[in-house]
4 protein chains.
Amino acid sequence: MVRFGLIGCGRIGRMHAATIQASRSGSLSIVNDVMEASARALGDTYGADICTNVAEVFGSDKVDAVLIASSTATHAEYIEMAVDAGKPVFCEKPIDLDIARVKACRDKIAGRGVPIQIGFNRRFDPGHSALRQAIVAGEIGQTLQIIITSRDPFMPSQEYLEVAGGMIRDMSIHDFDLARFLLIDDEPTEVFAVAGALIDPSLKAMNEVDCAMITMKTAAGRQVVINNARQASYGYDQRLEVLGSDGMLQSCNRRPHELQRFNGKTTGAGEPYLNFFIERYKDAFELQLLSFIEAVETAAAPKVSFDDGLAALLLAEAAYESLKTGKSVAVG
Amino acid sequence: MVRFGLIGCGRIGRMHAATIQASRSGSLSIVNDVMEASARALGDTYGADICTNVAEVFGSDKVDAVLIASSTATHAEYIEMAVDAGKPVFCEKPIDLDIARVKACRDKIAGRGVPIQIGFNRRFDPGHSALRQAIVAGEIGQTLQIIITSRDPFMPSQEYLEVAGGMIRDMSIHDFDLARFLLIDDEPTEVFAVAGALIDPSLKAMNEVDCAMITMKTAAGRQVVINNARQASYGYDQRLEVLGSDGMLQSCNRRPHELQRFNGKTTGAGEPYLNFFIERYKDAFELQLLSFIEAVETAAAPKVSFDDGLAALLLAEAAYESLKTGKSVAVG
Amino acid sequence: MVRFGLIGCGRIGRMHAATIQASRSGSLSIVNDVMEASARALGDTYGADICTNVAEVFGSDKVDAVLIASSTATHAEYIEMAVDAGKPVFCEKPIDLDIARVKACRDKIAGRGVPIQIGFNRRFDPGHSALRQAIVAGEIGQTLQIIITSRDPFMPSQEYLEVAGGMIRDMSIHDFDLARFLLIDDEPTEVFAVAGALIDPSLKAMNEVDCAMITMKTAAGRQVVINNARQASYGYDQRLEVLGSDGMLQSCNRRPHELQRFNGKTTGAGEPYLNFFIERYKDAFELQLLSFIEAVETAAAPKVSFDDGLAALLLAEAAYESLKTGKSVAVG
Amino acid sequence: MVRFGLIGCGRIGRMHAATIQASRSGSLSIVNDVMEASARALGDTYGADICTNVAEVFGSDKVDAVLIASSTATHAEYIEMAVDAGKPVFCEKPIDLDIARVKACRDKIAGRGVPIQIGFNRRFDPGHSALRQAIVAGEIGQTLQIIITSRDPFMPSQEYLEVAGGMIRDMSIHDFDLARFLLIDDEPTEVFAVAGALIDPSLKAMNEVDCAMITMKTAAGRQVVINNARQASYGYDQRLEVLGSDGMLQSCNRRPHELQRFNGKTTGAGEPYLNFFIERYKDAFELQLLSFIEAVETAAAPKVSFDDGLAALLLAEAAYESLKTGKSVAVG
């Protein structure tokens, strides 16, 4: 049983709390939020202690591991504090919006031997991970092309956009990680991006985009494209496609149920896709937590490392550089 | 090259004429219809001779084979005339609505050695025949259950209904034949039917039904159900399903094209199904003709025999008997 | 918060325990099993009291409602005891294998005003219930035909078969209930069945069958067919289809995830279906429990009544009668 | 009735001959090939005159229109000859591999008023054209992203590769045209490409590639990606996807028939896709011809113009330039 200290009681923090509580191998010891009311509400729900001072989490002997779900700007500092306290840490992505800060954090915690897992939940989706397993099993021969489609169901709020760090750092970062996950022992080496504020042109004023296509070439010459949009009227669109020399694999979308309609206008018409990530990736969030718990309990390396978090950020930086220059940008 | 004499220039006759003409191995020598204008229109289109007297077709030395697409009441007589003339004959289903007349025809032509093929076109549908081949290849082990769904897109006209002989003789007969086709060396031995005028209650006045479910048990104990309706708002619904001890096979519907729509109300919404049988079974009609031509040219037995035509009619009779008695009716 | 006493700690009991515990509105007070070890294991897992004497459950003032998941033979007695104790009761199906016993139970508890819900979980499946809602909303006009396909993934054990009461009472009963659920204010009035031991002929020795097709006609003349098999190599097959005058609805199967394979032999090949009912109907079991909790808390009538349990049993009896006589059997 | 002179009796020429002959509004007057035997074989099949001297085709008063299906190097010259002869001309793509030659041809025939249609057959595919119509009808609001997937089933022969002009000029050119077709009154203005010889590395020796991803940005800022591969083990993969502000449209693949397999390893497994373009785009080739015939008969502008042929070539050139420079290349 791993006893968690949870930092951050917003939407994603509450989801993690519920996931911990529903697991058989994790429990919630203490919850922390800068807003006491938020901490109290969550603590009361699950019978956990509460605190507004984050140091209490790291200092508690009832905490075996820390789950960081606070705002992005706090991630690197809390990771460092967790490492100092010797507590294994699960941290939501991204580590920080500033690469220099991430690298400084990396340097600071290097060699400390404290397990750190970054929250790239999609790797744990049953369809996505089965796809990777099929590649590893050699089902499609050599990988040639990867197509990742990721579209959110609706535009985030203005408030969110102002702190998210830009669509490519905030949203595409998951897809950069999935590309690396599917490339296995290959890595992207060149990044080219096109992007624009096509859905909401007013975003241009804040230098933000809402649609992007990002092409990458890998060390082995493979080709990857990521198709992103901040809004898809038909629901959260999450698809992977991998073409290999001997076959193709697709991890397709999920619907809330499989009612299909047939009438004078249409046949086989299904429900809009699952909305939003908490629903679509419910299984993935659970499996991600179990994977972290197992790493903590067995002292194994977590399945998603700090360096994975950094690598995805570096690809995002390269994409922004490409947008500026109109050229393919080398990475790695 | 097989030169055809075509009897009957209505819709189904015109379809056969076009199919013959588009084939590389058949040609149209003469067309016959009781309405001279119909014969002339079709003859002119394809450069064929015309006649209103059917005897000319059977007597012509430019005719290698006869295709009977005239009204049902003439089928048995024309089959007999074709046999007398020693001309291979393809005849649309049903042979006759009266079992006694069919049996008389059978007795009259017995042992004459003239090839006869009955127009159960669906056997030649690429999906349906691939399904049968998969059964024969042992892909699903022993067949346990067969589910046949056949629904027309819209109610036929009052005129049609008055001469069609009843839904089960007119429409279900195709499904009885498909059941026998899929049972391979097994045969239905018991028939139970429920039916009603659910779509158009006014049909009750003419003792007609528009929806039916027909259950059959076979000599080997297998189970078959046929689901029929005279109207399906979403298009011509033609499905086969066979459950075996080691798997299941389905021959699914076809759409005119594969455009799919995704929006706030639906995902993966396809076009209504192909309407109507001439469009849906276009490939089947072509392959049926080629199969007949090959039988004629190689003096092989046609793939669908006179006895197949009779067997399907006997099952239809049993279904009507079941409707009257509320009991399962033995056949064979 | 509804505090449950759980009777029966076998597989289905353990599933209910987990469902109660994961819910936000239910808790597990006490668990009962004739085997103390079973009760202890479950009680320890969830911090619930344990007992081997069922009277303790009915007598406990920590129990707001009773969930009966013990063997079928005990259901009727425990329902009566719960009613005597004034405790709302959720009881797994079937109420009893003997209609006379069910009717005696009904008479005994009549007018007592204690809420009773029977465990027809499939009504709560999101796809199945959305299908019903679409019918109620008039999306497909008048219902004409209902096709229910229900096939288990594998044959049950010999031990199970010996106490299950026969495939039609044990398995088809769910489908009889779904037929009634979809017919809304119509009811089956005639039942005809074919069945056989096609998968495992050795079942004949115990007078059991493993495949069945059951046709029903309703008061309004509608047609229903249930296709059952005890084994489907491709997984648990659970489908509903309703043809209406203006459209068709299908509640289709679910897969564990949506990985699809494409290669030289196949395209769009998906995973086998979810196995078995606990996985396939996970959402349904949760929603069923929440519905019962809501009924208890609001003193509303449960969504599935004792009479629904009886009605499904009467249809099963009629099916057995039809198997014996080869005739359609009237019910109701 | 439009009487055709056909130049080129290779595979694509024979397909056009069969399409003309099967149409009700076209006929084949004369066929030409530099190899007399090829011309004779085709001429005999359809009862057309034959010639080896192309001038006979342009000079014949039995020829209303010319269909050019000879080798690419002859296209521009024959277009010019047809225009000189005042005969409407349908010419297979590409017009020429050399942009300068295409422009010279354009200049030469400018203002002559002879209808010219280029063979971008895919525009006439029922699914693809229905997709475009749905965009035009406003079904998905503003177009944001276009994803075109086009993969051949198998690598072409070495001989073919040597004369084809490179994968992007030979194969991607269809996709450039489809992109323009779907963009309607918008045009690509920037092209970025990655490509490589991933399937057959020996192609590098001839400076050829077999996989490519080509990203484009349009005048209106829209984003397009083309995913190409010379080999797909699962069949000819031809998909269009258009994301709009109010929905998404996909034109999906077609199978030869809809048999689906279900067993212990897979569910809903379909047949490999239709192979190859003559089968997959059969309807498109027929509709393309009918469209050209209609343009000839009504003196309307053909649906695919000479300038469309040039525009697609310019995009291919830009893609090659991008491959060389690693930069996005401006066009138009």
# chains A, B, ... in the order shown; residues from 1 in each chain; ligands from 1
$ residues_around --residues "Cys91 in chain B" --least-positions-apart "5" --cutoff "7 Å" --atoms "only C-alpha atoms" --output "list in words"
Leu67, Ile68, Ala69, His75, Gln117, Ile118 and Gly119 of chain B
$ write_last_selection --atoms "N, CA, C and O atoms" --output "short mmCIF file (atom, residue, chain, number, x, y, z; two decimals), in the first residue's frame"
data_model
loop_
_atom_site.label_atom_id
_atom_site.label_comp_id
_atom_site.auth_asym_id
_atom_site.auth_seq_id
_atom_site.Cartn_x
_atom_site.Cartn_y
_atom_site.Cartn_z
N LEU B 67 -33.38 -16.84 -71.75
CA LEU B 67 -33.47 -16.24 -70.43
C LEU B 67 -34.91 -15.79 -70.21
O LEU B 67 -35.41 -14.90 -70.92
N ILE B 68 -35.56 -16.39 -69.23
CA ILE B 68 -36.98 -16.12 -68.98
C ILE B 68 -37.13 -15.08 -67.87
O ILE B 68 -36.78 -15.33 -66.71
N ALA B 69 -37.62 -13.91 -68.26
CA ALA B 69 -37.83 -12.82 -67.30
C ALA B 69 -39.24 -12.26 -67.44
O ALA B 69 -39.50 -11.12 -67.13
N HIS B 75 -43.62 -18.86 -66.38
CA HIS B 75 -42.30 -19.50 -66.22
C HIS B 75 -42.30 -20.99 -66.54
O HIS B 75 -41.48 -21.49 -67.31
N GLN B 117 -31.24 -23.19 -64.97
CA GLN B 117 -30.75 -22.46 -63.79
C GLN B 117 -31.84 -21.51 -63.30
O GLN B 117 -32.44 -20.79 -64.10
N ILE B 118 -32.10 -21.53 -62.00
CA ILE B 118 -33.12 -20.65 -61.42
C ILE B 118 -32.43 -19.41 -60.85
O ILE B 118 -31.33 -19.49 -60.31
N GLY B 119 -33.11 -18.25 -60.94
CA GLY B 119 -32.47 -16.96 -60.68
C GLY B 119 -32.32 -16.58 -59.21
O GLY B 119 -32.74 -15.48 -58.81
#
$ interface_residues --of "chain D" --to "chain B" --cutoff "9 Å" --atoms "only C-alpha atoms" --output "PyMOL selection string"
chain D and resi 21-22+125-128+130-131+139-140+246-254+256-264+267-268
$ atom_distance --atom1 "CA of Ile199 in chain B" --atom2 "CA of Arg180 in chain C"
20.8 Å
$ residues_around --residues "Leu310 in chain B" --least-positions-apart "6" --cutoff "8 Å" --atoms "only C-alpha atoms" --output "PyMOL selection string"
chain B and resi 95+99+102-103
$ select_by_dssp --residues "range 91-262 of chain D" --states "strand (DSSP E)" --output "NGL selection string"
:D and (91 or 116-118 or 143-151 or 188-196 or 211-218 or 223-229 or 237-244 or 247-251 or 259-262)
$ closest_residue --among "C:Thr149, C:Gly10, C:Pro88, C:Ala55" --to "Pro302 in chain C" --atoms "only C-alpha atoms"
C:Pro88
$ select_by_dssp --residues "range 95-297 of chain B" --states "alpha helix (DSSP H)" --output "JSON, numbers by chain"
{"B": [99, 100, 101, 102, 103, 104, 105, 106, 107, 108, 109, 126, 127, 128, 129, 130, 131, 132, 133, 134, 135, 136, 158, 159, 160, 161, 162, 163, 164, 167, 173, 174, 175, 176, 177, 178, 179, 180, 181, 182, 183, 277, 278, 279, 280, 282, 283, 284, 285, 286, 287, 288, 289, 290, 291, 292, 293, 294, 295, 296, 297]}
$ atom_distance --atom1 "CA of Gly221 in chain A" --atom2 "CA of Thr189 in chain A"
8.9 Å
$ closest_atom_pairs --of "range 44-145 of chain D" --to "range 28-38 of chain D" --cutoff "12 Å" --atoms "only C-alpha atoms" --output "JSON lines"
{"residue": "D:Asp44", "atom": "CA", "partner": "D:Val31", "partner_atom": "CA", "distance": 9.9}
{"residue": "D:Thr45", "atom": "CA", "partner": "D:Leu28", "partner_atom": "CA", "distance": 10.6}
{"residue": "D:Tyr46", "atom": "CA", "partner": "D:Leu28", "partner_atom": "CA", "distance": 7.3}
{"residue": "D:Gly47", "atom": "CA", "partner": "D:Leu28", "partner_atom": "CA", "distance": 8.0}
{"residue": "D:Ala48", "atom": "CA", "partner": "D:Ile30", "partner_atom": "CA", "distance": 5.0}
{"residue": "D:Asp49", "atom": "CA", "partner": "D:Ile30", "partner_atom": "CA", "distance": 4.3}
{"residue": "D:Ile50", "atom": "CA", "partner": "D:Val31", "partner_atom": "CA", "distance": 4.9}
{"residue": "D:Cys51", "atom": "CA", "partner": "D:Asn32", "partner_atom": "CA", "distance": 4.9}
{"residue": "D:Thr52", "atom": "CA", "partner": "D:Val34", "partner_atom": "CA", "distance": 5.1}
{"residue": "D:Asn53", "atom": "CA", "partner": "D:Asn32", "partner_atom": "CA", "distance": 7.1}
{"residue": "D:Val54", "atom": "CA", "partner": "D:Asn32", "partner_atom": "CA", "distance": 6.4}
{"residue": "D:Ala55", "atom": "CA", "partner": "D:Asn32", "partner_atom": "CA", "distance": 9.6}
{"residue": "D:Glu56", "atom": "CA", "partner": "D:Asn32", "partner_atom": "CA", "distance": 8.6}
{"residue": "D:Val57", "atom": "CA", "partner": "D:Ile30", "partner_atom": "CA", "distance": 6.9}
{"residue": "D:Phe58", "atom": "CA", "partner": "D:Ile30", "partner_atom": "CA", "distance": 10.3}
{"residue": "D:Gly59", "atom": "CA", "partner": "D:Ile30", "partner_atom": "CA", "distance": 11.2}
{"residue": "D:Ser60", "atom": "CA", "partner": "D:Ile30", "partner_atom": "CA", "distance": 8.7}
{"residue": "D:Asp61", "atom": "CA", "partner": "D:Ser29", "partner_atom": "CA", "distance": 9.8}
{"residue": "D:Lys62", "atom": "CA", "partner": "D:Ser29", "partner_atom": "CA", "distance": 6.4}
{"residue": "D:Val63", "atom": "CA", "partner": "D:Ser29", "partner_atom": "CA", "distance": 6.4}
{"residue": "D:Asp64", "atom": "CA", "partner": "D:Ser29", "partner_atom": "CA", "distance": 9.1}
{"residue": "D:Ala65", "atom": "CA", "partner": "D:Ser29", "partner_atom": "CA", "distance": 9.9}
{"residue": "D:Val66", "atom": "CA", "partner": "D:Ile30", "partner_atom": "CA", "distance": 9.6}
{"residue": "D:Leu67", "atom": "CA", "partner": "D:Val31", "partner_atom": "CA", "distance": 9.5}
{"residue": "D:Ile68", "atom": "CA", "partner": "D:Asn32", "partner_atom": "CA", "distance": 9.7}
{"residue": "D:Ala69", "atom": "CA", "partner": "D:Asp33", "partner_atom": "CA", "distance": 9.6}
{"residue": "D:Ser70", "atom": "CA", "partner": "D:Asp33", "partner_atom": "CA", "distance": 7.8}
{"residue": "D:Ser71", "atom": "CA", "partner": "D:Asp33", "partner_atom": "CA", "distance": 10.3}
{"residue": "D:Thr74", "atom": "CA", "partner": "D:Val34", "partner_atom": "CA", "distance": 11.6}
$ residues_around --residues "Asn275 in chain A" --least-positions-apart "4" --cutoff "7 Å" --atoms "only C-alpha atoms" --output "count of residues only"
5
$ residues_around --residues "Lys108 in chain B" --least-positions-apart "5" --cutoff "12 Å" --atoms "only C-alpha atoms" --output "ChimeraX atom specification"
/B:76-77,79-84,101-103,113-114
$ write_last_selection --atoms "C-alpha atoms" --output "PDB file, in the first residue's frame"
ATOM      1  CA  ALA B  76     -43.204 -23.186 -66.054  1.00  0.00           C
ATOM      2  CA  GLU B  77     -44.635 -23.254 -69.559  1.00  0.00           C
ATOM      3  CA  ILE B  79     -39.235 -23.801 -69.221  1.00  0.00           C
ATOM      4  CA  GLU B  80     -41.071 -26.727 -70.784  1.00  0.00           C
ATOM      5  CA  MET B  81     -40.905 -25.107 -74.226  1.00  0.00           C
ATOM      6  CA  ALA B  82     -37.193 -24.440 -73.825  1.00  0.00           C
ATOM      7  CA  VAL B  83     -36.581 -28.029 -72.842  1.00  0.00           C
ATOM      8  CA  ASP B  84     -38.608 -29.211 -75.819  1.00  0.00           C
ATOM      9  CA  ARG B 101     -47.625 -26.791 -61.303  1.00  0.00           C
ATOM     10  CA  VAL B 102     -43.931 -26.786 -60.397  1.00  0.00           C
ATOM     11  CA  LYS B 103     -43.990 -30.506 -59.742  1.00  0.00           C
ATOM     12  CA  GLY B 113     -30.773 -33.285 -69.909  1.00  0.00           C
ATOM     13  CA  VAL B 114     -31.353 -29.635 -70.752  1.00  0.00           C
TER      14      VAL B 114
END
$ atom_distance --atom1 "CA of Ser25 in chain B" --atom2 "CA of Val304 in chain B"
19.7 Å
